[in-house]
Amino acid sequence: MESNKINNKTIKKTWLYLEWLRRSGQTNMYGAVPYLMEEFWFDEKEAKKVLIEWMQNYNPDDYPEEIVFNDFD
């Protein structure tokens with residue numbers, strides 16, 4: 001990733017957020033880029049990279065049964 005703000009801790013938070021977003025049904029995951037941009041202050045390119053990486057590595061077993069929105073702080 002190109003930005004200094006994207007590190008392993010940030011990736012872990014964004015992936016957890018994406019799983020929460022997926023479960024919430026607020027958007028189709030192809031529409032998640034604006035959500036990442038708003039929640040994590042990514043530019044569009046960064047948000048797309050994070051989303052694509054998440055999609056390519058997605059495994060539902062990697063996430064807890066319950067995810068609370070506060071988990072992203």
# chains A, B, ... in the order shown; residues from 1 in each chain; ligands from 1

call {"tool": "residues_around", "arguments": {"residues": "segment 52-57 of chain A", "least_positions_apart": "6", "cutoff": "9 Å", "atoms": "only C-alpha atoms", "output": "mmCIF file with C-alpha atoms, in the first residue's frame"}}
result
data_model
loop_
_atom_site.group_PDB
_atom_site.id
_atom_site.type_symbol
_atom_site.label_atom_id
_atom_site.label_comp_id
_atom_site.auth_asym_id
_atom_site.auth_seq_id
_atom_site.Cartn_x
_atom_site.Cartn_y
_atom_site.Cartn_z
ATOM 1 C CA ILE A 11 -5.559 -3.347 7.744
ATOM 2 C CA THR A 14 -10.463 -2.179 8.024
ATOM 3 C CA TRP A 15 -11.006 -5.872 7.397
ATOM 4 C CA LEU A 18 -15.633 -4.609 6.094
ATOM 5 C CA MET A 29 -19.488 -4.925 -0.949
#

call {"tool": "residues_around", "arguments": {"residues": "Ile6 of chain A", "least_positions_apart": "5", "cutoff": "9 Å", "atoms": "only C-alpha atoms", "output": "PDB file with C-alpha atoms, in the first residue's frame"}}
result
ATOM      1  CA  MET A   1       0.000   0.000   0.000  1.00  0.00           C
ATOM      2  CA  ILE A  11      -5.559  -3.347   7.744  1.00  0.00           C
ATOM      3  CA  PHE A  42      -8.578   6.866   2.827  1.00  0.00           C
ATOM      4  CA  GLU A  46      -6.284   3.415  -0.959  1.00  0.00           C
ATOM      5  CA  VAL A  50      -7.879  -2.380   0.841  1.00  0.00           C
TER       6      VAL A  50
END

call {"tool": "select_by_dssp", "arguments": {"residues": "chain A", "states": "helix (DSSP H, G or I)", "output": "number ranges by chain"}}
result
A: 8-24, 29-31, 33-40, 44-57, 60-62, 69-72

call {"tool": "residues_around", "arguments": {"residues": "Lys48 of chain A", "least_positions_apart": "5", "cutoff": "9 Å", "atoms": "only C-alpha atoms", "output": "NGL selection string"}}
result
:A and (32-33 or 36 or 43 or 53)

call {"tool": "write_last_selection", "arguments": {"atoms": "C-alpha atoms", "output": "compact mmCIF listing (two decimals), in the first residue's frame"}}
result
# COMPACT_ATOMS: atom_id res chain seq x y z
CA ALA A 32 -17.86 -0.29 0.12
CA VAL A 33 -15.21 2.17 -1.15
CA LEU A 36 -13.88 3.05 3.79
CA ASP A 43 -8.45 8.38 -0.61
CA GLU A 53 -7.19 -7.27 -0.82

call {"tool": "residues_around", "arguments": {"residues": "Pro34 of chain A", "least_positions_apart": "4", "cutoff": "9 Å", "atoms": "only C-alpha atoms", "output": "ChimeraX atom specification"}}
result
/A:38-39,44,47

call {"tool": "write_last_selection", "arguments": {"atoms": "C-alpha atoms", "output": "short mmCIF file (atom, residue, chain, number, x, y, z; two decimals), in the first residue's frame"}}
result
data_model
loop_
_atom_site.label_atom_id
_atom_site.label_comp_id
_atom_site.auth_asym_id
_atom_site.auth_seq_id
_atom_site.Cartn_x
_atom_site.Cartn_y
_atom_site.Cartn_z
CA GLU A 38 -15.38 8.07 5.27
CA GLU A 39 -14.53 5.78 8.18
CA GLU A 44 -10.27 6.43 -3.31
CA ALA A 47 -9.86 2.34 -0.24
#
